[in-house]
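Visitor: See entry_26.csv below, with CSV, C-alpha atoms.
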```
chain,number,residue,atom,x,y,z
A,1,MET,CA,-9.4,-7.9,-14.6
A,2,ALA,CA,-10.6,-4.8,-16.3
A,3,ASP,CA,-11.8,-3.5,-12.9
A,4,TRP,CA,-8.4,-3.9,-11.3
A,5,LEU,CA,-6.1,-1.0,-10.7
A,6,THR,CA,-3.3,-0.3,-13.2
A,7,ALA,CA,0.2,-0.4,-11.9
A,8,ASP,CA,0.3,3.4,-11.7
A,9,GLU,CA,-3.1,3.5,-9.9
A,10,GLN,CA,-2.0,0.7,-7.5
A,11,ARG,CA,1.2,2.6,-6.6
A,12,ALA,CA,-0.8,5.8,-6.0
A,13,TRP,CA,-3.4,4.0,-4.0
A,14,ARG,CA,-0.8,2.2,-1.8
A,15,ARG,CA,1.0,5.5,-1.1
A,16,THR,CA,-2.3,7.2,-0.3
A,17,ALA,CA,-3.3,4.3,2.1
A,18,ALA,CA,0.1,4.6,3.8
A,19,VAL,CA,-0.3,8.3,4.3
A,20,PHE,CA,-3.8,7.7,5.7
A,21,THR,CA,-2.2,5.4,8.2
A,22,LEU,CA,1.0,7.2,9.1
A,23,LEU,CA,-0.1,10.9,9.0
A,24,PRO,CA,-2.7,10.7,11.8
A,25,ALA,CA,-0.3,8.8,14.0
A,26,ALA,CA,2.5,11.3,13.4
A,27,LEU,CA,0.2,14.3,14.2
A,28,ASP,CA,-1.2,12.5,17.2
A,29,ALA,CA,2.4,11.9,18.5
A,30,GLN,CA,3.3,15.5,18.1
A,31,LEU,CA,0.2,16.7,19.9
A,32,GLN,CA,0.6,14.2,22.7
A,33,ARG,CA,4.3,15.1,23.2
A,34,ASP,CA,3.9,18.9,23.0
A,35,ALA,CA,0.4,19.5,24.4
A,36,GLY,CA,-0.8,16.3,26.1
A,37,LEU,CA,-3.7,16.1,23.7
A,38,THR,CA,-4.9,13.5,21.2
A,39,GLN,CA,-5.5,14.6,17.7
A,40,PHE,CA,-9.2,14.1,18.3
A,41,SER,CA,-9.3,16.2,21.4
A,42,TYR,CA,-7.4,19.0,19.6
A,43,LEU,CA,-9.8,18.8,16.7
A,44,VAL,CA,-12.7,19.3,19.1
A,45,LEU,CA,-11.0,22.3,20.7
A,46,ALA,CA,-10.1,23.7,17.3
A,47,MET,CA,-13.6,23.4,15.9
A,48,LEU,CA,-15.0,25.1,19.0
A,49,SER,CA,-12.4,27.9,18.7
A,50,GLU,CA,-13.6,28.7,15.2
A,51,ALA,CA,-17.3,28.6,16.0
A,52,PRO,CA,-19.3,31.8,16.6
A,53,GLY,CA,-19.0,32.6,20.3
A,54,ARG,CA,-16.8,29.5,20.6
A,55,THR,CA,-20.0,27.5,21.2
A,56,MET,CA,-22.0,25.0,19.2
A,57,PRO,CA,-24.5,22.2,19.8
A,58,MET,CA,-22.9,18.9,20.8
A,59,SER,CA,-24.8,17.2,17.9
A,60,GLU,CA,-23.3,19.7,15.4
A,61,LEU,CA,-19.8,19.3,16.9
A,62,ALA,CA,-20.1,15.5,16.7
A,63,SER,CA,-21.1,15.7,13.0
A,64,MET,CA,-18.3,18.2,12.3
A,65,VAL,CA,-15.6,16.0,13.8
A,66,SER,CA,-17.1,12.8,12.4
A,67,SER,CA,-17.9,11.3,15.8
A,68,SER,CA,-20.8,9.6,17.6
A,69,LEU,CA,-22.3,11.7,20.3
A,70,SER,CA,-21.2,9.0,22.8
A,71,ARG,CA,-17.5,9.3,21.8
A,72,LEU,CA,-17.7,13.1,21.7
A,73,SER,CA,-19.3,13.1,25.2
A,74,HIS,CA,-16.5,11.1,26.6
A,75,VAL,CA,-13.9,13.4,25.1
A,76,VAL,CA,-15.7,16.5,26.2
A,77,SER,CA,-15.9,15.1,29.7
A,78,ARG,CA,-12.1,14.8,29.8
A,79,LEU,CA,-11.8,18.3,28.4
A,80,GLU,CA,-14.2,19.6,31.0
A,81,LYS,CA,-12.0,18.1,33.7
A,82,GLN,CA,-9.2,20.3,32.3
A,83,GLN,CA,-11.6,23.2,32.3
A,84,TRP,CA,-11.1,23.7,28.6
A,85,VAL,CA,-14.7,23.0,27.6
A,86,ALA,CA,-18.0,23.6,29.4
A,87,ARG,CA,-21.4,22.0,28.6
A,88,GLU,CA,-24.5,24.1,29.1
A,89,PRO,CA,-28.1,24.0,27.9
A,90,CYS,CA,-29.1,26.0,24.9
A,91,ALA,CA,-30.9,29.2,26.0
A,92,ASP,CA,-33.5,28.7,23.2
A,93,ASN,CA,-34.0,25.0,23.6
A,94,GLY,CA,-33.3,23.3,26.8
A,95,ARG,CA,-33.2,19.9,25.2
A,96,VAL,CA,-30.0,20.9,23.2
A,97,THR,CA,-26.7,20.7,24.9
A,98,MET,CA,-24.1,23.3,23.9
A,99,ALA,CA,-20.3,22.8,24.1
A,100,ARG,CA,-18.4,26.0,24.8
A,101,LEU,CA,-14.7,26.6,24.7
A,102,THR,CA,-13.6,28.3,27.9
A,103,ASP,CA,-11.0,31.0,28.1
A,104,ALA,CA,-8.6,28.3,29.4
A,105,GLY,CA,-9.5,26.2,26.4
A,106,TRP,CA,-8.9,29.1,24.1
A,107,ASP,CA,-5.5,29.6,25.7
A,108,LYS,CA,-4.7,25.9,25.2
A,109,VAL,CA,-5.6,26.2,21.5
A,110,VAL,CA,-3.5,29.3,21.1
A,111,ALA,CA,-0.5,27.6,22.8
A,112,THR,CA,-0.9,24.3,20.9
A,113,ALA,CA,-1.7,25.6,17.4
A,114,PRO,CA,1.8,26.9,16.4
A,115,GLY,CA,3.5,23.5,17.1
A,116,HIS,CA,0.7,21.6,15.4
A,117,ALA,CA,0.8,24.0,12.4
A,118,ALA,CA,4.6,23.5,12.2
A,119,GLU,CA,4.2,19.7,12.1
A,120,VAL,CA,1.4,19.9,9.4
A,121,ARG,CA,3.7,22.2,7.4
A,122,ARG,CA,6.7,19.9,7.8
A,123,LEU,CA,4.9,16.7,7.0
A,124,VAL,CA,2.4,17.9,4.3
A,125,ILE,CA,2.7,21.4,3.0
A,126,ASP,CA,6.5,21.4,2.6
A,127,ALA,CA,6.3,18.0,1.0
A,128,VAL,CA,3.9,19.3,-1.6
A,129,GLY,CA,5.5,22.6,-2.1
A,130,PRO,CA,3.9,26.0,-2.5
A,131,ASP,CA,3.2,25.6,-6.2
A,132,ARG,CA,1.1,22.4,-5.6
A,133,VAL,CA,-0.9,23.4,-2.5
A,134,ALA,CA,-3.9,24.3,-4.7
A,135,ASP,CA,-3.6,20.9,-6.4
A,136,LEU,CA,-3.6,19.1,-3.1
A,137,ASP,CA,-6.6,21.2,-2.1
A,138,ALA,CA,-8.4,20.3,-5.3
A,139,ILE,CA,-7.6,16.6,-5.0
A,140,THR,CA,-8.5,16.2,-1.4
A,141,GLY,CA,-11.6,18.3,-1.9
A,142,GLU,CA,-12.9,16.0,-4.6
A,143,ILE,CA,-12.2,12.9,-2.4
A,144,LEU,CA,-13.9,14.6,0.5
A,145,ARG,CA,-17.0,15.4,-1.6
A,146,ARG,CA,-17.3,11.7,-2.4
A,147,LEU,CA,-16.8,10.6,1.2
A,148,ASP,CA,-18.9,13.4,2.7
A,149,PRO,CA,-21.4,14.5,0.1
A,150,GLY,CA,-23.5,16.3,2.8
A,151,GLY,CA,-20.5,18.4,3.8
A,152,ARG,CA,-20.6,17.5,7.5
A,153,MET,CA,-16.9,18.0,8.0
A,154,ARG,CA,-16.5,21.7,7.2
A,155,ALA,CA,-13.2,23.5,7.2
A,156,ASN,CA,-14.9,26.6,8.7
A,157,PRO,CA,-17.8,25.9,11.0
A,158,LEU,CA,-20.9,27.9,10.5
A,159,SER,CA,-22.9,27.2,13.6
A,160,GLN,CA,-26.6,27.1,13.1
A,161,GLY,CA,-27.1,27.8,16.8
A,162,CYS,CA,-29.6,25.7,18.9
```
Can you present the structure in this file as C-alpha cells?

Guide:
Amino acid sequence: MADWLTADEQRAWRRTAAVFTLLPAALDAQLQRDAGLTQFSYLVLAMLSEAPGRTMPMSELASMVSSSLSRLSHVVSRLEKQQWVAREPCADNGRVTMARLTDAGWDKVVATAPGHAAEVRRLVIDAVGPDRVADLDAITGEILRRLDPGGRMRANPLSQGC
C-alpha cells in the first residue's frame, strides 16, 4: 500500500482528472457554438497562424498538435474546403507537403481568438487568479516535460522549414 496515493494526493489527482475531462469539452463547446470549429481544428489554425509565413510542413504540424498525419490530413481537408488552409509542395523538397494558413484562415483565427481567449480566461485564468498564473505555468510545464520530453508540443512554433 506504500505505492498508493495518500488521501490528499488522491483528491488532487481526481480533481486533475476531472479537469482533463471537462475542460476540453467546455472549450470545444464554446468553439463549436461561436465559430463552428472543433478545438482540434482551431488548434491547427492557431499553430499555423503563429508559424513563420503562416506555413509549416504537415509532419511538423502533426507533431505540434499531437496528431497522426492521417488525422491531421482529414482535418486539413475540411479546413481546405472552407478555404482556411491550403496544402502545397515545399519549394526545396517536393516530397514534403506544406500547410499554409490562407488570408481567409487568418481572418477566421482573428475572429475566433477573442471568444476563445475569453473562455480560457473564464474557466482557467480567473479560477487560478493573477498571483498564481506563474504557479500554474510551472506545474503544467513540469507535467508537460514528463509527458513530452522531446518538446513536440511547443507553445510558440519555430518552424524548421522543409

Visitor: Would you mind telling me which residue in A:Leu31, A:Ala62, A:Ala12, A:Ala2 lies nearest to A:Val75 when using all atoms listed in the file?

Guide: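 The answer is A:Ala62, which sits nearest to A:Val75.
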
Visitor: I'd like the neighbourhood of stretch 48-50 of chain A as an NGL selection string, where a residue qualifies if any of its atoms comes within 12 Å (using all atoms listed in the file), though same-chain residues fewer than 5 positions away should be ignored.

Guide: :A and (41-43 or 55-58 or 60-62 or 64-65 or 76 or 84-87 or 98-110 or 113 or 154-159)

Visitor: Starting from the point (3.7, 12.6, 11.9), work out which residues of protein, DNA or RNA have an atom no more than 12 Å away when counting all atoms listed in the file; state them as JSON, numbers by chain.

Guide: {"A": [18, 19, 20, 21, 22, 23, 24, 25, 26, 27, 28, 29, 30, 31, 32, 33, 39, 116, 117, 118, 119, 120, 121, 122, 123, 124]}

Visitor: Could the residues in this selection be written to a file with C-alpha atoms, as a PDB file, keeping the file's coordinate frame?

Guide:
```pdb
ATOM      1  CA  ALA A  18       0.100   4.600   3.800  1.00  0.00           C
ATOM      2  CA  VAL A  19      -0.300   8.300   4.300  1.00  0.00           C
ATOM      3  CA  PHE A  20      -3.800   7.700   5.700  1.00  0.00           C
ATOM      4  CA  THR A  21      -2.200   5.400   8.200  1.00  0.00           C
ATOM      5  CA  LEU A  22       1.000   7.200   9.100  1.00  0.00           C
ATOM      6  CA  LEU A  23      -0.100  10.900   9.000  1.00  0.00           C
ATOM      7  CA  PRO A  24      -2.700  10.700  11.800  1.00  0.00           C
ATOM      8  CA  ALA A  25      -0.300   8.800  14.000  1.00  0.00           C
ATOM      9  CA  ALA A  26       2.500  11.300  13.400  1.00  0.00           C
ATOM     10  CA  LEU A  27       0.200  14.300  14.200  1.00  0.00           C
ATOM     11  CA  ASP A  28      -1.200  12.500  17.200  1.00  0.00           C
ATOM     12  CA  ALA A  29       2.400  11.900  18.500  1.00  0.00           C
ATOM     13  CA  GLN A  30       3.300  15.500  18.100  1.00  0.00           C
ATOM     14  CA  LEU A  31       0.200  16.700  19.900  1.00  0.00           C
ATOM     15  CA  GLN A  32       0.600  14.200  22.700  1.00  0.00           C
ATOM     16  CA  ARG A  33       4.300  15.100  23.200  1.00  0.00           C
ATOM     17  CA  GLN A  39      -5.500  14.600  17.700  1.00  0.00           C
ATOM     18  CA  HIS A 116       0.700  21.600  15.400  1.00  0.00           C
ATOM     19  CA  ALA A 117       0.800  24.000  12.400  1.00  0.00           C
ATOM     20  CA  ALA A 118       4.600  23.500  12.200  1.00  0.00           C
ATOM     21  CA  GLU A 119       4.200  19.700  12.100  1.00  0.00           C
ATOM     22  CA  VAL A 120       1.400  19.900   9.400  1.00  0.00           C
ATOM     23  CA  ARG A 121       3.700  22.200   7.400  1.00  0.00           C
ATOM     24  CA  ARG A 122       6.700  19.900   7.800  1.00  0.00           C
ATOM     25  CA  LEU A 123       4.900  16.700   7.000  1.00  0.00           C
ATOM     26  CA  VAL A 124       2.400  17.900   4.300  1.00  0.00           C
TER      27      VAL A 124
END
```

Visitor: Considering all atoms listed in the file, can you say which of A:Met47, A:Thr16, A:Ser67, A:Lys81 comes closest to A:Ile139?

Guide: A:Thr16

Visitor: So how far away is atom CA of A:Leu37 from atom CA of A:Ser59, in Å?

Guide: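 Pair atom CA of A:Ser59 / atom CA of A:Leu37 returns 21.9 Å.
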
Visitor: Of the residues A:Gly94, A:Arg71, A:Met153, A:Ala46, which is the one nearest to A:Gly141, using all atoms listed in the file?

Guide: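 The closest residue to A:Gly141 is A:Met153.
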
Visitor: From the options A:Ala127, A:Val44, A:Ala35, A:Pro89, which residue's atoms come nearest to A:Pro114, counting only C-alpha atoms?

Guide: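 Of the candidates, the smallest distance to A:Pro114 is held by A:Ala35.
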